[in-house]
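Q: Contents of entry-v1.pdb (PDB, C-alpha atoms and all ligand atoms) are given next:
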ATOM      1  CA  MET A   1      17.508 -13.292  20.738
ATOM      2  CA  ALA A   2      17.600 -16.952  21.738
ATOM      3  CA  GLU A   3      19.335 -20.150  20.707
ATOM      4  CA  SER A   4      16.111 -22.089  20.297
ATOM      5  CA  ILE A   5      12.522 -21.391  19.252
ATOM      6  CA  PRO A   6      11.050 -22.448  22.628
ATOM      7  CA  ASP A   7      13.519 -20.168  24.434
ATOM      8  CA  LEU A   8      12.569 -17.300  22.127
ATOM      9  CA  ALA A   9       8.866 -17.923  22.783
ATOM     10  CA  VAL A  10       9.453 -17.816  26.539
ATOM     11  CA  LYS A  11      11.332 -14.519  26.195
ATOM     12  CA  LEU A  12       8.454 -13.110  24.104
ATOM     13  CA  GLY A  13       5.847 -14.366  26.553
ATOM     14  CA  ILE A  14       3.979 -16.437  23.962
ATOM     15  CA  PRO A  15       3.126 -20.185  24.018
ATOM     16  CA  PRO A  16       6.181 -22.146  22.728
ATOM     17  CA  GLU A  17       4.013 -24.792  20.996
ATOM     18  CA  GLN A  18       2.174 -22.097  19.048
ATOM     19  CA  LEU A  19       5.362 -20.373  17.894
ATOM     20  CA  ALA A  20       6.810 -23.777  16.905
ATOM     21  CA  LEU A  21       3.653 -24.545  14.905
ATOM     22  CA  THR A  22       3.727 -21.114  13.201
ATOM     23  CA  ILE A  23       7.350 -21.601  12.154
ATOM     24  CA  GLU A  24       6.680 -25.183  11.052
ATOM     25  CA  THR A  25       3.833 -23.955   8.840
ATOM     26  CA  TYR A  26       5.959 -21.135   7.422
ATOM     27  CA  ASN A  27       8.854 -23.522   6.720
ATOM     28  CA  SER A  28       6.476 -25.834   4.853
ATOM     29  CA  HIS A  29       5.558 -22.867   2.621
ATOM     30  CA  CYS A  30       9.286 -22.411   1.964
ATOM     31  CA  LEU A  31       9.661 -26.065   0.957
ATOM     32  CA  GLN A  32       6.704 -25.778  -1.421
ATOM     33  CA  ASN A  33       8.000 -22.412  -2.683
ATOM     34  CA  HIS A  34       4.430 -21.170  -2.276
ATOM     35  CA  ASP A  35       2.821 -19.263   0.593
ATOM     36  CA  GLY A  36      -0.890 -20.009   0.388
ATOM     37  CA  GLU A  37      -1.436 -18.235   3.712
ATOM     38  CA  PHE A  38      -0.097 -14.687   3.247
ATOM     39  CA  ALA A  39       1.032 -14.804  -0.415
ATOM     40  CA  LYS A  40       4.634 -13.901   0.446
ATOM     41  CA  ALA A  41       6.661 -13.691  -2.763
ATOM     42  CA  PRO A  42       8.537 -16.970  -3.402
ATOM     43  CA  GLU A  43      11.942 -15.235  -3.636
ATOM     44  CA  TYR A  44      11.591 -14.184   0.027
ATOM     45  CA  LEU A  45      10.569 -17.608   1.341
ATOM     46  CA  ASN A  46      13.642 -18.504   3.393
ATOM     47  CA  LYS A  47      13.337 -21.242   6.011
ATOM     48  CA  ILE A  48      13.762 -20.361   9.669
ATOM     49  CA  GLU A  49      16.010 -23.122  10.927
ATOM     50  CA  LYS A  50      19.443 -21.922  12.035
ATOM     51  CA  LYS A  51      20.219 -20.366  15.369
ATOM     52  CA  ASN A  52      20.377 -17.712  16.632
ATOM     53  CA  PHE A  53      16.717 -16.740  16.465
ATOM     54  CA  TYR A  54      15.748 -13.078  16.652
ATOM     55  CA  ALA A  55      12.402 -11.404  17.273
ATOM     56  CA  VAL A  56      11.701  -7.848  16.130
ATOM     57  CA  THR A  57       8.698  -5.600  16.435
ATOM     58  CA  SER A  58       7.070  -5.130  13.065
ATOM     59  CA  SER A  59       4.147  -2.858  12.321
ATOM     60  CA  PHE A  60       2.021  -1.837   9.395
ATOM     61  CA  ARG A  61       2.416   1.567   7.706
ATOM     62  CA  VAL A  62       0.329   3.064   4.931
ATOM     63  CA  PHE A  63       2.183   5.472   2.654
ATOM     64  CA  THR A  64      -0.266   5.752  -0.155
ATOM     65  CA  THR A  65      -3.093   3.824  -1.746
ATOM     66  CA  LEU A  66      -2.931   1.807  -4.954
ATOM     67  CA  GLY A  67      -5.876   1.608  -7.267
ATOM     68  CA  GLY A  68      -8.862   3.899  -6.920
ATOM     69  CA  LEU A  69     -11.014   5.803  -9.345
ATOM     70  CA  GLN A  70      -9.805   5.739 -12.934
ATOM     71  CA  ILE A  71      -9.392   9.260 -14.363
ATOM     72  CA  ASP A  72      -8.454  10.751 -17.722
ATOM     73  CA  ARG A  73      -5.829  13.481 -18.283
ATOM     74  CA  HIS A  74      -8.364  16.143 -17.326
ATOM     75  CA  THR A  75      -8.878  14.334 -13.980
ATOM     76  CA  ARG A  76     -12.418  13.380 -15.019
ATOM     77  CA  VAL A  77     -13.529  10.137 -13.368
ATOM     78  CA  LEU A  78     -14.275   7.276 -15.748
ATOM     79  CA  ASN A  79     -16.781   4.469 -15.276
ATOM     80  CA  ARG A  80     -15.992   0.760 -15.735
ATOM     81  CA  ASP A  81     -16.453   1.136 -19.500
ATOM     82  CA  GLY A  82     -13.944   4.001 -19.649
ATOM     83  CA  GLU A  83     -16.657   6.605 -20.186
ATOM     84  CA  ILE A  84     -16.565  10.016 -18.498
ATOM     85  CA  ILE A  85     -18.828  10.453 -15.477
ATOM     86  CA  GLU A  86     -20.161  13.940 -16.003
ATOM     87  CA  GLY A  87     -19.124  16.458 -13.336
ATOM     88  CA  LEU A  88     -16.986  14.085 -11.242
ATOM     89  CA  TYR A  89     -13.259  14.811 -10.797
ATOM     90  CA  ALA A  90     -10.587  13.122  -8.687
ATOM     91  CA  GLY A  91      -6.909  13.484  -7.882
ATOM     92  CA  GLY A  92      -4.258  12.257  -5.440
ATOM     93  CA  ASN A  93      -4.882   9.068  -3.581
ATOM     94  CA  CYS A  94      -8.540   9.026  -4.621
ATOM     95  CA  SER A  95      -7.508   8.429  -8.218
ATOM     96  CA  GLY A  96      -5.979   5.268  -9.604
ATOM     97  CA  GLY A  97      -3.519   4.384 -12.302
ATOM     98  CA  MET A  98      -0.471   6.333 -11.093
ATOM     99  CA  TYR A  99       1.216   3.306  -9.564
ATOM    100  CA  GLY A 100       0.085  -0.145 -10.822
ATOM    101  CA  SER A 101       0.477  -2.794  -8.189
ATOM    102  CA  ASP A 102       3.493  -1.473  -6.302
ATOM    103  CA  TYR A 103       4.700   1.740  -4.649
ATOM    104  CA  SER A 104       8.316   2.752  -5.050
ATOM    105  CA  ILE A 105       9.690   4.503  -1.976
ATOM    106  CA  LEU A 106      12.740   5.439  -4.053
ATOM    107  CA  THR A 107      10.816   7.930  -6.168
ATOM    108  CA  CYS A 108      11.190  10.964  -3.906
ATOM    109  CA  GLY A 109       8.108  13.176  -3.948
ATOM    110  CA  GLY A 110       6.355  11.126  -6.607
ATOM    111  CA  ALA A 111       3.168  10.622  -4.606
ATOM    112  CA  LEU A 112       3.098  14.137  -3.146
ATOM    113  CA  GLY A 113       3.927  15.711  -6.490
ATOM    114  CA  TYR A 114       1.139  13.772  -8.148
ATOM    115  CA  ALA A 115      -1.284  14.688  -5.334
ATOM    116  CA  VAL A 116      -0.489  18.403  -5.685
ATOM    117  CA  TYR A 117      -0.620  18.451  -9.479
ATOM    118  CA  SER A 118      -3.708  16.271  -9.915
ATOM    119  CA  GLY A 119      -5.517  17.859  -6.948
ATOM    120  CA  LEU A 120      -4.959  21.340  -8.351
ATOM    121  CA  THR A 121      -6.027  20.219 -11.817
ATOM    122  CA  ALA A 122      -9.145  18.472 -10.485
ATOM    123  CA  GLY A 123     -10.036  21.571  -8.447
ATOM    124  CA  LYS A 124      -9.582  23.931 -11.413
ATOM    125  CA  ASN A 125     -11.465  21.666 -13.812
ATOM    126  CA  SER A 126     -14.373  21.086 -11.450
ATOM    127  CA  ALA A 127     -14.675  24.865 -10.879
ATOM    128  CA  GLU A 128     -14.671  25.405 -14.647
ATOM    129  CA  TYR A 129     -17.259  22.654 -15.048
ATOM    130  CA  ILE A 130     -19.536  24.410 -12.569
ATOM    131  CA  LYS A 131     -19.049  27.704 -14.443
ATOM    132  CA  GLY A 132     -19.904  25.925 -17.688
ATOM    133  CA  ILE A 133     -16.408  26.096 -19.162
ATOM    134  CA  ASN A 134     -14.928  22.856 -20.554
ATOM    135  CA  PRO A 135     -13.698  20.299 -19.564
TER     136      PRO A 135
HETATM  137  C1  LIG A 201       4.436   8.455   6.646
HETATM  138  C2  LIG A 201       4.277   8.856   5.189
HETATM  139  C3  LIG A 201       5.386   9.274   4.473
HETATM  140  C4  LIG A 201       5.244   9.660   3.137
HETATM  141  N1  LIG A 201       6.346  10.094   2.473
HETATM  142  C5  LIG A 201       6.212  10.506   1.223
HETATM  143  C6  LIG A 201       7.349  11.042   0.513
HETATM  144  O1  LIG A 201       8.466  11.124   1.044
HETATM  145  N2  LIG A 201       7.178  11.434  -0.756
HETATM  146  C7  LIG A 201       5.981  11.357  -1.391
HETATM  147  O2  LIG A 201       5.887  11.759  -2.547
HETATM  148  N3  LIG A 201       4.883  10.876  -0.766
HETATM  149  C8  LIG A 201       4.969  10.459   0.526
HETATM  150  N4  LIG A 201       3.878   9.958   1.176
HETATM  151  C9  LIG A 201       2.618   9.805   0.429
HETATM  152  C10 LIG A 201       1.882  11.137   0.311
HETATM  153  O3  LIG A 201       1.893  11.790   1.572
HETATM  154  C11 LIG A 201       0.436  10.863  -0.121
HETATM  155  O4  LIG A 201       0.415  10.083  -1.299
HETATM  156  C12 LIG A 201      -0.264  12.190  -0.398
HETATM  157  O5  LIG A 201      -0.274  12.974   0.772
HETATM  158  C13 LIG A 201      -1.691  11.949  -0.850
HETATM  159  O6  LIG A 201      -2.313  13.207  -0.969
HETATM  160  P1  LIG A 201      -3.867  13.308  -1.099
HETATM  161  O7  LIG A 201      -4.152  14.772  -1.160
HETATM  162  O8  LIG A 201      -4.340  12.441  -2.203
HETATM  163  O9  LIG A 201      -4.462  12.662   0.235
HETATM  164  P2  LIG A 201      -4.244  13.140   1.777
HETATM  165  O10 LIG A 201      -2.933  13.855   1.958
HETATM  166  O11 LIG A 201      -4.515  11.883   2.550
HETATM  167  O12 LIG A 201      -5.395  14.201   1.968
HETATM  168  C14 LIG A 201      -6.734  13.823   2.108
HETATM  169  C15 LIG A 201      -7.368  14.857   3.028
HETATM  170  O13 LIG A 201      -8.788  14.663   3.023
HETATM  171  C16 LIG A 201      -9.245  14.794   4.348
HETATM  172  N5  LIG A 201     -10.522  14.078   4.421
HETATM  173  C17 LIG A 201     -10.723  12.750   4.486
HETATM  174  N6  LIG A 201     -12.027  12.459   4.536
HETATM  175  C18 LIG A 201     -12.665  13.646   4.474
HETATM  176  C19 LIG A 201     -14.040  14.023   4.477
HETATM  177  N7  LIG A 201     -15.004  13.112   4.513
HETATM  178  N8  LIG A 201     -14.330  15.324   4.419
HETATM  179  C20 LIG A 201     -13.359  16.271   4.353
HETATM  180  N9  LIG A 201     -12.041  15.983   4.345
HETATM  181  C21 LIG A 201     -11.705  14.683   4.406
HETATM  182  C22 LIG A 201      -8.149  14.216   5.203
HETATM  183  O14 LIG A 201      -8.220  14.710   6.524
HETATM  184  C23 LIG A 201      -6.907  14.748   4.483
HETATM  185  O15 LIG A 201      -6.522  16.029   4.924
HETATM  186  C24 LIG A 201       3.985   9.600   2.515
HETATM  187  C25 LIG A 201       2.870   9.176   3.247
HETATM  188  C26 LIG A 201       3.019   8.811   4.558
HETATM  189  C27 LIG A 201       1.782   8.385   5.342
END
Any chance you could give the structure as structure tokens?
A:
Amino acid sequence: MAESIPDLAVKLGIPPEQLALTIETYNSHCLQNHDGEFAKAPEYLNKIEKKNFYAVTSSFRVFTTLGGLQIDRHTRVLNRDGEIIEGLYAGGNCSGGMYGSDYSILTCGGALGYAVYSGLTAGKNSAEYIKGINP
């Protein structure tokens, strides 16, 4: 925590001019209500201007993947035209369509439940495919 941006930069051990420039650029995004740099949603673009200034460690975490192979209800993988790719099955994070563009951390067990159900189904169906039983 510091009362000014240069003081905060010194505490963090980073060049004060660079931190000032970074914040200036970010604040200009806030004024334009558009972040062309990192695509931060406009509703979260709040200017950094009032003391005190705080620095926190932030890191990236991956919970699940969005997108992936499109499958039908039998876990058969579909091509770009929505046609079944013979003999190819997918489930869990390999398969897409469960979540759209966002992942809700409030849906307890949603991703794991889907992984278990779709993985089991894909495994069963692929074994049946090999044995010549449909699907
Ligand atoms: C920190 C964290 C917290 C989470 N909390 C929750 C939660 O509270 N509730 C919830 O529902 N979901 C949660 N999730 C999400 C959930 O864990 C995943 O969506 C789910 O585990 C995906 O299952 P999966 O079987 O598709 O993939 P994975 O669990 O990733 O399994 C894929 C497996 O394939 C193996 N593998 C990879 N490449 C190869 C290869 N070439 N050959 C052989 N094996 C390979 C990997 O080692 C791995 O064992 C959390 C995820 C994380 C990371």
Q: Closest to Thr64 (chain A) among A:Asn93, A:Tyr99, A:His34, A:Ser126, using all atoms listed in the file?
A: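 Selected residue with least distance to Thr64 (chain A): A:Asn93.
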Q: Taking all atoms listed in the file into account, which residues are within 6 Å of ligand LIG 201 (chain A), as a CSV table (one decimal) with C-alpha atoms, in the frame of the given file?
A:
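Once written, pocket19.csv looks like this:
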chain,number,residue,atom,x,y,z
A,62,VAL,CA,0.3,3.1,4.9
A,63,PHE,CA,2.2,5.5,2.7
A,64,THR,CA,-0.3,5.8,-0.2
A,92,GLY,CA,-4.3,12.3,-5.4
A,93,ASN,CA,-4.9,9.1,-3.6
A,94,CYS,CA,-8.5,9.0,-4.6
A,108,CYS,CA,11.2,11.0,-3.9
A,109,GLY,CA,8.1,13.2,-3.9
A,110,GLY,CA,6.4,11.1,-6.6
A,111,ALA,CA,3.2,10.6,-4.6
A,112,LEU,CA,3.1,14.1,-3.1
A,113,GLY,CA,3.9,15.7,-6.5
A,115,ALA,CA,-1.3,14.7,-5.3
Q: Which residue, A:Glu128, A:Glu37, A:Glu17, A:Asp72, has the smallest gap to Ser95 (chain A) when you use all atoms listed in the file?
A: A:Asp72
Q: If you apply the PyMOL selection byres (((chain A and resi 118) around 8) and not hetatm) to this file, what residues do you get, as a ChimeraX atom specification?
A: /A:75,90-92,114-117,119-122
Q: What does the structure give for the distance between CA of Gln70 (chain A) and CA of Tyr129 (chain A), in Å to one decimal?
A: 18.6 Å
Q: Measuring between all atoms listed in the file, which one of A:Leu21, A:Ile14, A:Leu106, A:Leu69 shows the shortest distance to Leu88 (chain A)?
A: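 Of all the options, A:Leu69 lies closest to Leu88 (chain A).
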Q: Please rebuild region 99-117 of chain A with N, CA and C atoms and return the result as a PDB file, in the coordinates of the input.
A:
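Wrote it out as out_7.pdb, contents follow:
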ATOM      1  N   TYR A  99       0.245   4.325  -9.958  1.00  0.00           N
ATOM      2  CA  TYR A  99       1.216   3.306  -9.564  1.00  0.00           C
ATOM      3  C   TYR A  99       0.912   1.884  -9.989  1.00  0.00           C
ATOM      4  N   GLY A 100       0.203   1.295 -10.648  1.00  0.00           N
ATOM      5  CA  GLY A 100       0.085  -0.145 -10.822  1.00  0.00           C
ATOM      6  C   GLY A 100      -0.092  -0.886  -9.523  1.00  0.00           C
ATOM      7  N   SER A 101       0.693  -1.935  -9.352  1.00  0.00           N
ATOM      8  CA  SER A 101       0.477  -2.794  -8.189  1.00  0.00           C
ATOM      9  C   SER A 101       1.508  -2.579  -7.094  1.00  0.00           C
ATOM     10  N   ASP A 102       2.439  -1.649  -7.294  1.00  0.00           N
ATOM     11  CA  ASP A 102       3.493  -1.473  -6.302  1.00  0.00           C
ATOM     12  C   ASP A 102       3.757   0.011  -6.091  1.00  0.00           C
ATOM     13  N   TYR A 103       4.398   0.347  -4.961  1.00  0.00           N
ATOM     14  CA  TYR A 103       4.700   1.740  -4.649  1.00  0.00           C
ATOM     15  C   TYR A 103       6.191   1.851  -4.401  1.00  0.00           C
ATOM     16  N   SER A 104       6.876   2.621  -5.210  1.00  0.00           N
ATOM     17  CA  SER A 104       8.316   2.752  -5.050  1.00  0.00           C
ATOM     18  C   SER A 104       8.635   3.853  -4.049  1.00  0.00           C
ATOM     19  N   ILE A 105       9.310   3.478  -2.951  1.00  0.00           N
ATOM     20  CA  ILE A 105       9.690   4.503  -1.976  1.00  0.00           C
ATOM     21  C   ILE A 105      10.973   5.216  -2.418  1.00  0.00           C
ATOM     22  N   LEU A 106      11.511   4.804  -3.568  1.00  0.00           N
ATOM     23  CA  LEU A 106      12.740   5.439  -4.053  1.00  0.00           C
ATOM     24  C   LEU A 106      12.440   6.649  -4.931  1.00  0.00           C
ATOM     25  N   THR A 107      11.175   6.792  -5.324  1.00  0.00           N
ATOM     26  CA  THR A 107      10.816   7.930  -6.168  1.00  0.00           C
ATOM     27  C   THR A 107      10.426   9.094  -5.255  1.00  0.00           C
ATOM     28  N   CYS A 108      11.428   9.896  -4.883  1.00  0.00           N
ATOM     29  CA  CYS A 108      11.190  10.964  -3.906  1.00  0.00           C
ATOM     30  C   CYS A 108      10.140  11.952  -4.404  1.00  0.00           C
ATOM     31  N   GLY A 109       9.108  12.167  -3.628  1.00  0.00           N
ATOM     32  CA  GLY A 109       8.108  13.176  -3.948  1.00  0.00           C
ATOM     33  C   GLY A 109       7.127  12.773  -5.018  1.00  0.00           C
ATOM     34  N   GLY A 110       7.241  11.556  -5.517  1.00  0.00           N
ATOM     35  CA  GLY A 110       6.355  11.126  -6.607  1.00  0.00           C
ATOM     36  C   GLY A 110       4.892  11.180  -6.225  1.00  0.00           C
ATOM     37  N   ALA A 111       4.569  10.672  -5.037  1.00  0.00           N
ATOM     38  CA  ALA A 111       3.168  10.622  -4.606  1.00  0.00           C
ATOM     39  C   ALA A 111       2.672  12.020  -4.249  1.00  0.00           C
ATOM     40  N   LEU A 112       3.512  12.776  -3.536  1.00  0.00           N
ATOM     41  CA  LEU A 112       3.098  14.137  -3.146  1.00  0.00           C
ATOM     42  C   LEU A 112       2.988  15.038  -4.367  1.00  0.00           C
ATOM     43  N   GLY A 113       3.959  14.900  -5.267  1.00  0.00           N
ATOM     44  CA  GLY A 113       3.927  15.711  -6.490  1.00  0.00           C
ATOM     45  C   GLY A 113       2.666  15.437  -7.285  1.00  0.00           C
ATOM     46  N   TYR A 114       2.344  14.148  -7.407  1.00  0.00           N
ATOM     47  CA  TYR A 114       1.139  13.772  -8.148  1.00  0.00           C
ATOM     48  C   TYR A 114      -0.103  14.310  -7.440  1.00  0.00           C
ATOM     49  N   ALA A 115      -0.110  14.214  -6.096  1.00  0.00           N
ATOM     50  CA  ALA A 115      -1.284  14.688  -5.334  1.00  0.00           C
ATOM     51  C   ALA A 115      -1.485  16.189  -5.548  1.00  0.00           C
ATOM     52  N   VAL A 116      -0.387  16.941  -5.521  1.00  0.00           N
ATOM     53  CA  VAL A 116      -0.489  18.403  -5.685  1.00  0.00           C
ATOM     54  C   VAL A 116      -0.959  18.745  -7.100  1.00  0.00           C
ATOM     55  N   TYR A 117      -0.284  18.144  -8.086  1.00  0.00           N
ATOM     56  CA  TYR A 117      -0.620  18.451  -9.479  1.00  0.00           C
ATOM     57  C   TYR A 117      -2.052  18.042  -9.818  1.00  0.00           C
TER      58      TYR A 117
END
